[in-house]
>>> print(open('my_file09.cif').read())   # mmCIF, C-alpha atoms
data_structure
loop_
_atom_site.label_atom_id
_atom_site.label_comp_id
_atom_site.auth_asym_id
_atom_site.auth_seq_id
_atom_site.Cartn_x
_atom_site.Cartn_y
_atom_site.Cartn_z
CA MET I 1 -29.48 21.82 -10.13
CA HIS I 2 -27.57 19.68 -7.66
CA LYS I 3 -24.35 18.15 -8.94
CA ARG I 4 -23.77 14.41 -8.60
CA VAL I 5 -20.39 12.71 -8.16
CA ALA I 6 -19.84 8.96 -8.38
CA VAL I 7 -16.90 7.37 -6.59
CA ILE I 8 -16.32 3.88 -7.95
CA GLY I 9 -14.44 1.92 -5.31
CA GLY I 10 -15.02 1.92 -1.56
CA GLY I 11 -11.47 1.43 -0.33
CA ILE I 12 -9.63 4.13 1.59
CA THR I 13 -8.74 5.86 -1.69
CA GLY I 14 -12.36 6.19 -2.75
CA LEU I 15 -13.53 7.15 0.72
CA ALA I 16 -10.84 9.82 1.00
CA ALA I 17 -12.01 11.18 -2.35
CA ALA I 18 -15.61 11.25 -1.12
CA VAL I 19 -14.63 13.10 2.07
CA ARG I 20 -12.66 15.64 0.02
CA VAL I 21 -15.54 16.24 -2.39
CA ARG I 22 -17.88 16.72 0.56
CA GLY I 23 -15.51 19.34 1.98
CA GLN I 24 -15.00 21.28 -1.27
CA ALA I 25 -18.19 20.97 -3.30
CA PRO I 26 -21.45 22.77 -2.47
CA PRO I 27 -23.27 21.16 0.48
CA GLU I 28 -26.12 19.91 -1.69
CA THR I 29 -23.77 17.86 -3.91
CA ASP I 30 -24.90 14.25 -4.12
CA ILE I 31 -22.02 11.78 -3.64
CA ILE I 32 -22.52 8.10 -4.40
CA VAL I 33 -19.91 5.44 -3.53
CA TYR I 34 -20.12 2.12 -5.38
CA GLU I 35 -18.33 -0.89 -3.89
CA GLN I 36 -18.96 -4.21 -5.59
CA SER I 37 -17.96 -6.24 -2.54
CA GLY I 38 -20.09 -6.36 0.56
CA VAL I 39 -17.76 -4.27 2.72
CA LEU I 40 -16.02 -0.89 2.62
CA GLY I 41 -12.33 -0.39 3.29
CA GLY I 42 -10.55 -2.46 0.67
CA LYS I 43 -7.30 -3.61 2.24
CA LEU I 44 -8.02 -1.79 5.49
CA ARG I 45 -9.75 -4.47 7.51
CA THR I 46 -9.42 -5.14 11.22
CA GLY I 47 -9.69 -8.73 12.41
CA GLU I 48 -9.49 -10.44 15.78
CA LEU I 49 -7.53 -13.32 17.25
CA THR I 50 -7.78 -14.54 20.86
CA GLY I 51 -9.36 -11.25 21.88
CA ALA I 52 -6.79 -8.95 20.26
CA ASN I 53 -7.20 -6.73 17.22
CA VAL I 54 -5.03 -7.93 14.35
CA GLU I 55 -5.12 -6.17 11.01
CA ARG I 56 -6.04 -8.32 8.03
CA GLY I 57 -4.59 -5.72 5.68
CA ALA I 58 -2.40 -2.65 6.07
CA GLU I 59 -1.06 -2.58 9.62
CA ALA I 60 0.01 1.04 10.05
CA PHE I 61 0.82 4.26 8.22
CA LEU I 62 3.63 6.79 8.13
CA THR I 63 3.01 9.82 10.31
CA GLY I 64 5.08 12.29 8.29
CA SER I 65 5.70 13.33 4.70
CA PRO I 66 9.13 14.19 3.24
CA ASP I 67 8.56 17.94 3.70
CA GLY I 68 8.06 17.51 7.44
CA ALA I 69 4.30 17.96 7.41
CA GLU I 70 1.94 15.37 8.83
CA SER I 71 1.11 12.60 6.42
CA ALA I 72 -2.20 12.52 4.57
CA ALA I 73 -3.30 9.63 6.79
CA VAL I 74 -2.71 11.58 10.01
CA ARG I 75 -4.44 14.66 8.58
CA LEU I 76 -7.45 12.60 7.56
CA ALA I 77 -7.62 10.90 10.96
CA ARG I 78 -7.59 14.29 12.68
CA ARG I 79 -10.25 15.65 10.35
CA LEU I 80 -12.45 12.65 11.13
CA GLY I 81 -12.12 13.20 14.88
CA LEU I 82 -9.67 10.35 15.40
CA GLY I 83 -6.65 12.42 16.38
CA ASP I 84 -6.82 11.17 19.96
CA ALA I 85 -7.07 7.58 18.70
CA LEU I 86 -3.66 7.64 16.99
CA VAL I 87 -1.34 5.12 18.66
CA HIS I 88 2.29 4.32 17.99
CA PRO I 89 4.41 1.16 18.21
CA SER I 90 5.89 0.38 21.59
CA THR I 91 9.07 -0.63 19.76
CA GLY I 92 10.20 0.17 16.24
CA GLN I 93 13.32 -1.95 16.15
CA ALA I 94 13.21 -4.70 13.54
CA ALA I 95 15.76 -7.23 12.32
CA LEU I 96 16.75 -9.41 9.38
CA ALA I 97 16.23 -13.15 9.71
CA VAL I 98 19.32 -14.83 8.28
CA GLY I 99 20.37 -18.44 8.82
CA GLY I 100 18.18 -18.99 11.87
CA ARG I 101 19.31 -15.87 13.67
CA LEU I 102 18.13 -12.27 13.81
CA GLU I 103 20.60 -9.59 12.71
CA PRO I 104 20.15 -5.84 13.15
CA ILE I 105 19.17 -3.88 10.05
CA PRO I 106 22.11 -1.53 9.41
CA ALA I 107 21.40 1.97 10.65
CA GLY I 108 21.53 5.00 8.36
CA THR I 109 20.56 3.21 5.17
CA LEU I 110 17.85 4.25 2.73
CA MET I 111 15.69 1.18 2.02
CA GLY I 112 18.84 -0.83 2.78
CA ILE I 113 21.15 1.26 0.56
CA PRO I 114 24.25 2.53 2.43
CA ARG I 115 25.15 6.21 2.60
CA GLU I 116 28.90 5.60 2.40
CA SER I 117 30.81 4.79 -0.81
CA ASP I 118 32.20 1.34 -1.38
CA GLY I 119 33.55 -0.77 -4.24
CA ASP I 120 32.54 0.52 -7.67
CA ASP I 121 30.67 3.59 -6.45
CA HIS I 122 33.20 6.00 -7.93
CA ASP I 123 32.64 9.48 -9.31
CA THR I 124 32.41 9.38 -13.11
CA GLY I 125 31.97 13.14 -13.39
CA THR I 126 28.33 12.93 -14.48
CA PRO I 127 25.02 12.35 -12.68
CA LEU I 128 23.93 8.77 -12.16
CA LEU I 129 20.75 9.31 -14.18
CA GLY I 130 19.70 11.63 -16.96
CA PRO I 131 16.85 14.11 -16.48
CA HIS I 132 14.17 11.64 -17.57
CA ASP I 133 15.86 8.28 -16.99
CA ASP I 134 14.30 5.51 -14.95
CA VAL I 135 16.01 2.24 -13.99
CA THR I 136 15.21 -0.61 -11.68
CA VAL I 137 16.35 -0.23 -8.10
CA GLY I 138 18.40 -3.41 -8.46
CA ALA I 139 20.22 -2.27 -11.60
CA LEU I 140 21.45 0.92 -9.94
CA VAL I 141 22.38 -0.60 -6.58
CA ARG I 142 24.07 -3.73 -7.96
CA ALA I 143 26.29 -1.62 -10.21
CA ARG I 144 27.37 0.60 -7.33
CA PHE I 145 27.28 -1.55 -4.18
CA GLY I 146 27.21 -5.13 -5.43
CA ASP I 147 24.87 -8.09 -5.24
CA ASP I 148 25.03 -8.67 -1.49
CA VAL I 149 23.50 -5.28 -0.62
CA VAL I 150 20.62 -5.93 -3.02
CA ASP I 151 20.03 -9.57 -2.12
CA ARG I 152 20.22 -9.21 1.66
CA LEU I 153 19.06 -5.66 2.38
CA VAL I 154 17.28 -3.90 -0.46
CA ASP I 155 15.24 -6.92 -1.55
CA SER I 156 14.20 -7.50 2.06
CA LEU I 157 12.92 -3.98 2.60
CA LEU I 158 11.34 -3.54 -0.82
CA GLY I 159 9.81 -7.00 -0.53
CA GLY I 160 8.25 -6.03 2.78
CA VAL I 161 6.51 -3.04 1.19
CA TYR I 162 5.81 -4.10 -2.39
CA ALA I 163 6.18 -7.91 -2.38
CA GLY I 164 8.45 -7.34 -5.39
CA ARG I 165 12.10 -7.66 -6.33
CA ALA I 166 14.57 -4.82 -6.66
CA ASP I 167 15.53 -6.01 -10.14
CA GLN I 168 11.97 -5.45 -11.37
CA LEU I 169 10.78 -2.34 -9.53
CA SER I 170 11.10 1.21 -10.85
CA LEU I 171 13.42 3.50 -8.92
CA ALA I 172 11.37 6.59 -9.79
CA ALA I 173 8.09 5.03 -8.63
CA THR I 174 9.29 3.29 -5.46
CA MET I 175 12.04 5.68 -4.29
CA PRO I 176 11.29 9.06 -5.88
CA ALA I 177 13.57 11.07 -3.59
CA LEU I 178 16.54 8.87 -4.47
CA ALA I 179 15.68 9.03 -8.18
CA ALA I 180 15.61 12.83 -8.01
CA ALA I 181 18.95 12.92 -6.19
CA ALA I 182 20.48 10.50 -8.73
CA ARG I 183 19.80 13.08 -11.44
CA THR I 184 22.22 15.51 -9.79
CA GLN I 185 24.66 13.37 -7.78
CA HIS I 186 27.66 11.48 -9.20
CA THR I 187 27.75 8.58 -6.72
CA LEU I 188 25.02 6.47 -5.20
CA ALA I 189 26.25 7.18 -1.69
CA ALA I 190 26.01 10.92 -2.36
CA ALA I 191 22.52 10.44 -3.80
CA VAL I 192 21.45 8.53 -0.68
CA ARG I 193 22.77 11.30 1.55
CA ALA I 194 21.04 13.96 -0.54
CA ALA I 195 17.74 12.06 -0.47
CA GLN I 196 17.96 11.65 3.28
CA ALA I 197 18.89 15.29 3.80
CA GLY I 198 15.84 16.34 1.79
CA THR I 199 13.50 14.56 4.19
CA VAL I 200 12.55 16.76 7.11
CA ARG I 201 12.61 14.92 10.45
CA VAL I 202 10.38 16.30 13.18
CA PRO I 203 11.90 15.68 16.64
CA GLY I 204 9.74 13.53 18.85
CA ARG I 205 7.41 12.39 16.08
CA ALA I 206 6.93 8.64 15.86
CA VAL I 207 7.48 7.19 12.39
CA LEU I 208 4.39 4.96 12.37
CA ALA I 209 0.87 5.06 13.73
CA THR I 210 -2.37 3.15 13.63
CA ILE I 211 -5.85 3.71 14.98
CA ASP I 212 -6.73 2.52 18.46
CA GLY I 213 -9.35 -0.16 17.91
CA GLY I 214 -8.20 -0.86 14.36
CA GLN I 215 -7.99 0.62 10.90
CA SER I 216 -11.64 -0.22 10.28
CA ARG I 217 -12.49 2.75 12.52
CA LEU I 218 -10.83 5.04 9.96
CA VAL I 219 -12.93 3.44 7.21
CA GLY I 220 -16.19 3.87 9.12
CA ALA I 221 -15.43 7.45 10.08
CA ALA I 222 -14.55 8.38 6.49
CA ALA I 223 -17.76 6.84 5.16
CA ALA I 224 -19.83 8.75 7.72
CA ALA I 225 -18.05 12.07 7.14
CA SER I 226 -18.49 11.83 3.38
CA GLY I 227 -22.26 11.88 3.70
CA ALA I 228 -22.24 9.67 0.63
CA ARG I 229 -24.90 7.25 -0.45
CA ILE I 230 -23.15 3.88 -0.14
CA ASN I 231 -23.98 1.15 -2.64
CA LEU I 232 -22.51 -2.21 -1.64
CA GLY I 233 -22.67 -5.24 -3.89
CA ARG I 234 -23.33 -3.12 -6.99
CA GLN I 235 -20.79 -3.39 -9.76
CA VAL I 236 -20.37 -0.58 -12.26
CA GLN I 237 -20.11 -2.44 -15.56
CA GLY I 238 -19.63 0.49 -17.89
CA LEU I 239 -19.29 4.24 -18.34
CA VAL I 240 -20.88 6.19 -21.17
CA ARG I 241 -20.27 9.87 -21.89
CA THR I 242 -23.48 11.92 -21.92
CA GLY I 243 -22.87 15.53 -22.89
CA ASN I 244 -21.19 17.05 -19.84
CA GLY I 245 -21.75 14.04 -17.62
CA TRP I 246 -21.58 10.26 -17.35
CA ARG I 247 -24.02 7.38 -17.38
CA LEU I 248 -23.11 4.46 -15.11
CA LEU I 249 -24.25 1.02 -16.20
CA LEU I 250 -24.87 -0.95 -13.02
CA THR I 251 -25.61 -4.54 -12.15
CA ALA I 252 -28.87 -5.32 -10.42
CA ALA I 253 -30.46 -8.49 -9.13
CA LEU I 254 -31.97 -9.47 -12.49
CA THR I 255 -31.63 -6.58 -14.91
CA GLY I 256 -29.21 -3.77 -15.60
CA HIS I 257 -29.66 -0.28 -14.18
CA VAL I 258 -28.29 3.13 -15.11
CA GLU I 259 -27.47 6.23 -13.11
CA ASP I 260 -26.45 9.62 -14.46
CA VAL I 261 -23.80 11.72 -12.71
CA ASP I 262 -21.75 14.81 -13.48
CA ALA I 263 -18.28 13.46 -12.56
CA VAL I 264 -16.61 10.17 -11.70
CA VAL I 265 -13.64 9.13 -9.56
CA LEU I 266 -12.29 5.72 -10.55
CA ALA I 267 -10.74 4.29 -7.37
CA VAL I 268 -10.64 0.62 -8.30
CA PRO I 269 -7.79 -1.81 -9.09
CA ALA I 270 -6.22 -1.73 -12.55
CA ALA I 271 -8.25 -4.52 -14.17
CA ALA I 272 -11.56 -2.90 -13.26
CA ALA I 273 -10.31 0.58 -14.19
CA SER I 274 -9.11 -0.73 -17.56
CA ARG I 275 -12.52 -2.24 -18.29
CA LEU I 276 -14.32 0.98 -17.39
CA LEU I 277 -11.95 3.17 -19.40
CA ARG I 278 -12.51 0.92 -22.40
CA SER I 279 -16.28 1.26 -22.02
CA ALA I 280 -15.81 5.05 -21.85
CA GLY I 281 -13.99 4.99 -25.18
CA ASP I 282 -10.45 5.49 -23.86
CA THR I 283 -8.85 2.46 -25.50
CA CYS I 284 -5.27 3.74 -25.15
CA GLY I 285 -5.63 4.45 -21.43
CA SER I 286 -7.40 1.14 -20.96
CA ALA I 287 -4.51 -0.75 -22.57
CA VAL I 288 -1.88 0.95 -20.42
CA ILE I 289 -3.79 0.44 -17.18
CA GLY I 290 -4.69 -3.13 -18.10
CA ALA I 291 -1.01 -3.99 -18.51
CA LEU I 292 -0.12 -3.08 -14.91
CA ASP I 293 1.23 -6.01 -12.89
CA TYR I 294 0.28 -7.14 -9.39
CA ALA I 295 1.66 -9.54 -6.80
CA SER I 296 -0.62 -11.79 -4.78
CA VAL I 297 0.12 -12.03 -1.05
CA ALA I 298 -1.31 -13.59 2.07
CA LEU I 299 -1.29 -12.75 5.76
CA VAL I 300 -1.24 -15.44 8.42
CA ALA I 301 -1.78 -14.58 12.07
CA VAL I 302 -0.90 -17.24 14.63
CA ALA I 303 -1.60 -17.10 18.37
CA LEU I 304 0.93 -18.94 20.54
CA PRO I 305 0.94 -19.70 24.29
CA PHE I 306 1.50 -16.57 26.34
CA ASP I 307 4.87 -17.80 27.65
CA THR I 308 6.36 -18.27 24.17
CA PRO I 309 9.62 -16.28 24.23
CA LEU I 310 9.96 -13.62 21.54
CA PRO I 311 12.82 -11.19 20.92
CA GLU I 312 12.49 -7.59 22.11
CA LEU I 313 11.70 -6.47 18.56
CA SER I 314 8.75 -5.29 16.52
CA GLY I 315 9.40 -8.09 14.05
CA PHE I 316 11.73 -9.06 11.22
CA LEU I 317 12.21 -9.07 7.45
CA VAL I 318 13.41 -12.04 5.43
CA PRO I 319 15.83 -11.86 2.48
CA PRO I 320 14.57 -13.86 -0.52
CA SER I 321 17.82 -15.83 -0.36
CA GLU I 322 16.42 -17.64 2.72
CA GLY I 323 14.01 -19.45 0.42
CA THR I 324 10.96 -19.10 2.67
CA LEU I 325 7.45 -18.14 1.68
CA VAL I 326 7.37 -15.88 4.77
CA LYS I 327 8.86 -12.52 3.80
CA ALA I 328 8.19 -10.57 6.98
CA ALA I 329 6.69 -11.00 10.44
CA THR I 330 5.32 -8.67 13.10
CA PHE I 331 5.24 -9.54 16.79
CA VAL I 332 1.79 -8.01 17.14
CA THR I 333 1.35 -8.21 20.90
CA ARG I 334 4.82 -6.76 21.46
CA LYS I 335 4.63 -4.00 18.86
CA TRP I 336 1.04 -2.94 19.55
CA PRO I 337 0.26 -3.74 23.21
CA ALA I 338 -3.36 -2.87 23.88
CA PRO I 339 -4.74 -2.25 27.38
CA GLY I 340 -7.45 -4.75 28.16
CA ALA I 341 -6.48 -7.15 25.35
CA SER I 342 -6.29 -10.84 26.12
CA ASP I 343 -2.98 -11.92 27.69
CA ALA I 344 -3.68 -15.58 26.96
CA SER I 345 -1.39 -15.60 23.92
CA VAL I 346 1.30 -13.87 21.93
CA ILE I 347 0.49 -13.18 18.30
CA ILE I 348 2.74 -13.17 15.26
CA ARG I 349 1.44 -11.88 11.95
CA ALA I 350 3.40 -13.13 8.93
CA SER I 351 3.37 -11.74 5.40
CA LEU I 352 3.72 -14.35 2.69
CA GLY I 353 4.59 -14.19 -0.96
CA HIS I 354 6.56 -12.24 -3.51
CA ALA I 355 5.68 -11.53 -7.11
CA GLY I 356 5.74 -14.93 -8.83
CA ASP I 357 4.87 -16.94 -5.70
CA GLU I 358 1.18 -17.27 -6.58
CA GLN I 359 1.29 -21.06 -6.96
CA GLN I 360 2.72 -21.52 -3.46
CA LEU I 361 -0.11 -19.46 -1.98
CA ARG I 362 -2.80 -21.78 -3.33
CA HIS I 363 -2.59 -24.30 -0.48
CA ASP I 364 -5.65 -24.43 1.76
CA ASP I 365 -5.69 -22.31 4.93
CA ALA I 366 -4.60 -25.10 7.28
CA ALA I 367 -1.64 -26.06 5.10
CA LEU I 368 -0.60 -22.44 4.63
CA ALA I 369 -0.81 -21.79 8.37
CA ASP I 370 1.20 -24.95 9.11
CA ARG I 371 3.93 -23.91 6.68
CA THR I 372 3.99 -20.43 8.19
CA HIS I 373 4.33 -21.85 11.70
CA THR I 374 7.22 -24.10 10.63
CA GLU I 375 9.02 -21.33 8.74
CA LEU I 376 8.67 -18.88 11.63
CA GLY I 377 10.40 -21.37 13.91
CA LYS I 378 13.19 -21.85 11.37
CA LEU I 379 13.65 -18.10 10.92
CA LEU I 380 13.69 -17.50 14.69
CA GLY I 381 16.11 -20.37 15.23
CA ALA I 382 13.86 -22.31 17.63
CA GLU I 383 10.87 -24.58 17.18
CA LEU I 384 7.65 -22.85 18.16
CA PRO I 385 4.91 -24.45 20.28
CA PRO I 386 1.70 -25.45 18.49
CA PRO I 387 -0.59 -22.51 17.78
CA ILE I 388 -3.68 -21.89 19.87
CA ALA I 389 -5.50 -20.32 16.93
CA PHE I 390 -4.82 -18.81 13.52
CA TRP I 391 -6.43 -17.12 10.57
CA VAL I 392 -5.40 -16.64 6.94
CA GLN I 393 -6.19 -13.57 4.84
CA ARG I 394 -5.50 -13.76 1.11
CA TRP I 395 -5.06 -10.72 -1.10
CA GLU I 396 -5.06 -11.94 -4.68
CA ASN I 397 -3.44 -9.35 -6.94
CA GLY I 398 -3.04 -7.25 -3.83
CA LEU I 399 0.11 -5.20 -4.44
CA PRO I 400 0.91 -3.34 -7.68
CA GLN I 401 4.35 -3.80 -9.22
CA TYR I 402 5.76 -0.56 -10.64
CA ARG I 403 7.91 -1.26 -13.70
CA THR I 404 10.36 1.27 -15.12
CA GLY I 405 8.61 4.16 -16.83
CA HIS I 406 5.52 3.74 -14.63
CA LEU I 407 5.17 7.40 -13.67
CA GLU I 408 5.39 8.63 -17.25
CA ARG I 409 2.82 6.10 -18.48
CA ILE I 410 0.35 7.02 -15.74
CA ALA I 411 0.85 10.75 -16.39
CA ALA I 412 0.09 10.18 -20.08
CA VAL I 413 -3.08 8.23 -19.25
CA ARG I 414 -4.31 10.97 -16.95
CA ALA I 415 -3.54 13.65 -19.51
CA GLY I 416 -5.78 11.80 -21.97
CA LEU I 417 -8.77 11.26 -19.67
CA PRO I 418 -12.07 12.85 -20.68
CA PRO I 419 -13.15 15.84 -18.57
CA GLY I 420 -14.94 14.92 -15.37
CA LEU I 421 -13.21 11.54 -15.01
CA ALA I 422 -10.33 11.08 -12.53
CA LEU I 423 -8.17 8.07 -11.72
CA ALA I 424 -6.91 7.24 -8.21
CA GLY I 425 -5.45 4.38 -6.23
CA ALA I 426 -2.46 2.29 -5.26
CA ALA I 427 -1.99 0.99 -8.81
CA TYR I 428 -0.89 4.46 -9.86
CA ASP I 429 0.44 6.53 -6.96
CA GLY I 430 1.86 4.32 -4.20
CA VAL I 431 0.88 1.45 -1.94
CA GLY I 432 0.98 3.08 1.51
CA ILE I 433 -2.13 4.41 3.22
CA PRO I 434 -0.97 8.06 2.99
CA ALA I 435 -0.26 7.64 -0.74
CA CYS I 436 -3.72 6.15 -1.33
CA ILE I 437 -5.40 8.94 0.60
CA SER I 438 -3.41 11.61 -1.26
CA SER I 439 -4.31 9.97 -4.57
CA GLY I 440 -8.00 10.00 -3.73
CA GLU I 441 -7.86 13.61 -2.57
CA ALA I 442 -6.07 14.71 -5.75
CA ALA I 443 -8.72 12.99 -7.86
CA ALA I 444 -11.43 14.73 -5.85
CA ASP I 445 -9.73 18.08 -6.48
CA GLU I 446 -9.83 17.36 -10.23
CA VAL I 447 -13.53 16.60 -10.33
CA CYS I 448 -14.36 19.56 -8.09
CA LYS I 449 -12.57 21.90 -10.53
CA TYR I 450 -14.56 20.34 -13.33
CA LEU I 451 -17.84 20.80 -11.46
CA GLU I 452 -17.08 24.51 -11.00
CA CYS I 453 -16.95 24.87 -14.79
CA LEU I 454 -20.36 23.30 -15.42
#
>>> encode(input="my_file09.cif", output="structure tokens")
Amino acid sequence: MHKRVAVIGGGITGLAAAVRVRGQAPPETDIIVYEQSGVLGGKLRTGELTGANVERGAEAFLTGSPDGAESAAVRLARRLGLGDALVHPSTGQAALAVGGRLEPIPAGTLMGIPRESDGDDHDTGTPLLGPHDDVTVGALVRARFGDDVVDRLVDSLLGGVYAGRADQLSLAATMPALAAAARTQHTLAAAVRAAQAGTVRVPGRAVLATIDGGQSRLVGAAAAASGARINLGRQVQGLVRTGNGWRLLLTAALTGHVEDVDAVVLAVPAAAASRLLRSAGDTCGSAVIGALDYASVALVAVALPFDTPLPELSGFLVPPSEGTLVKAATFVTRKWPAPGASDASVIIRASLGHAGDEQQLRHDDAALADRTHTELGKLLGAELPPPIAFWVQRWENGLPQYRTGHLERIAAVRAGLPPGLALAGAAYDGVGIPACISSGEAAADEVCKYLECL
């Protein structure tokens, strides 16, 4: 009898899981992807502005992993036949926007943390952290390098990735290599050096890449390669254990509908995963997952006249101390020049919002774009000309916030999951595209092992 696998969630995590199942399970395995929205890809979504591709979600992905191998995103792109479509930034140099001027980000730091000792970073004769300790990034760095390093550098870089604050984010979850080094090293500077030394650098390899034509190409290629039956606009309302399998309770136009499968990958945000775990009888796991925090963010892309002067940079980050809603900006047409794209404008894409800024993001699109335009001029130190065009993309509850102890809590939830049910996604394993793909692939491996035992 053919096995059936349900993947709940059609973002890149779920699609990567579906591709992996297709590659490992018997060819006749039936794979069904359920995505309650009307579009696949989640936060991978390519938009357009004045003839140029501008990502409405994740802009790029890391090309390497700490061990020197290609990242999961690059490997997936190659597997999907998109290896020749990988493109890299024309410039990778970014800056900090401070007081109306752009300052270089200090070289040699790890997420803004220096590799040389200073101030109170003295050797106490014992490791910085115990074998199972977890602290916030801010707590560790403030104690060793002071407030200025956290407020100007670390918060800027962490904010650009997680939209969170160093004083609230788990060291083990956001900077695992540094956390591991802190369990053996006696100073933070030594831990930074050890973490950096443990990352294999491949000469000539660019740090970042994207897909020529946009990230939506990766989404479409993954959906096609999975051979899955795609169900858009169908919400899975509940999961019920049925012997060795699962019954999915689905929404339909007027009445409910059920579908029976052998295994399930949950690749949905925490709130939806919590609801489904509760329906499956896992009340403890549901409570833990339901308590995970998120930050809401927005992206605003503005097109300016083609002769608007911009620095020879890929963009800039903004320390929270500047008091702006804009936390980062990319000079899209400078960083990602595309042959044949319109040269009628230059495009800046701004990221807005930190955890706790939700109220400020509730202005309508025109007001949010106007504020972005004004703040960009302030941060660049010169008033910008009126925009030719703009768009606003909102991601409510878009970025998970990893509190201390996050990894241990997620490991405990996974250890308690019923057989044939796997959990994957940014809420648990990391916000970058490679982390999401790896998470989906690991979940697929789990369900494939389970299917072999049936």
>>> resolve_selection(input="my_file09.cif", expression="the PyMOL selection byres ((chain I and resi 265) around 12)", output="PyMOL selection string")
chain I and resi 4-10+13-18+20-21+31-34+239+246+248+261-264+266-268+273+276-277+417-425+439-448+450
>>> resolve_selection(input="my_file09.cif", expression="the PyMOL selection byres ((chain I and resi 392) around 8)", output="PyMOL selection string")
chain I and resi 298-301+365+368-369+390-391+393-394
>>> atom_distance(input="my_file09.cif", atom1="CA of Thr50 (chain I)", atom2="CA of Leu102 (chain I)")
26.9 Å
>>> closest_residue(input="my_file09.cif", among="I:Gly83, I:Gly377, I:Gly315, I:Gly245", to="Leu218 (chain I)", atoms="all atoms listed in the file")
I:Gly83
>>> residues_around(input="my_file09.cif", residues="Pro305 (chain I)", least_positions_apart="2", cutoff="7 Å", atoms="only C-alpha atoms", output="MDAnalysis selection string")
chainID I and resid 303 307:308 344:346 388
>>> write_last_selection(input="my_file09.cif", atoms="C-alpha atoms", output="PDB file, in the coordinates of the input")
ATOM      1  CA  ALA I 303      -1.600 -17.100  18.370  1.00  0.00           C
ATOM      2  CA  ASP I 307       4.870 -17.800  27.650  1.00  0.00           C
ATOM      3  CA  THR I 308       6.360 -18.270  24.170  1.00  0.00           C
ATOM      4  CA  ALA I 344      -3.680 -15.580  26.960  1.00  0.00           C
ATOM      5  CA  SER I 345      -1.390 -15.600  23.920  1.00  0.00           C
ATOM      6  CA  VAL I 346       1.300 -13.870  21.930  1.00  0.00           C
ATOM      7  CA  ILE I 388      -3.680 -21.890  19.870  1.00  0.00           C
TER       8      ILE I 388
END
>>> closest_residue(input="my_file09.cif", among="I:Arg229, I:Arg78, I:His88, I:Arg409", to="Ala338 (chain I)", atoms="only C-alpha atoms")
I:His88
>>> residues_around(input="my_file09.cif", residues="Ala173 (chain I)", least_positions_apart="5", cutoff="7 Å", atoms="only C-alpha atoms", output="list in words")
Tyr402, His406 and Leu407 of chain I
>>> closest_residue(input="my_file09.cif", among="I:Gly41, I:Pro320, I:Gly64, I:Gly405", to="Arg217 (chain I)", atoms="only C-alpha atoms")
I:Gly41
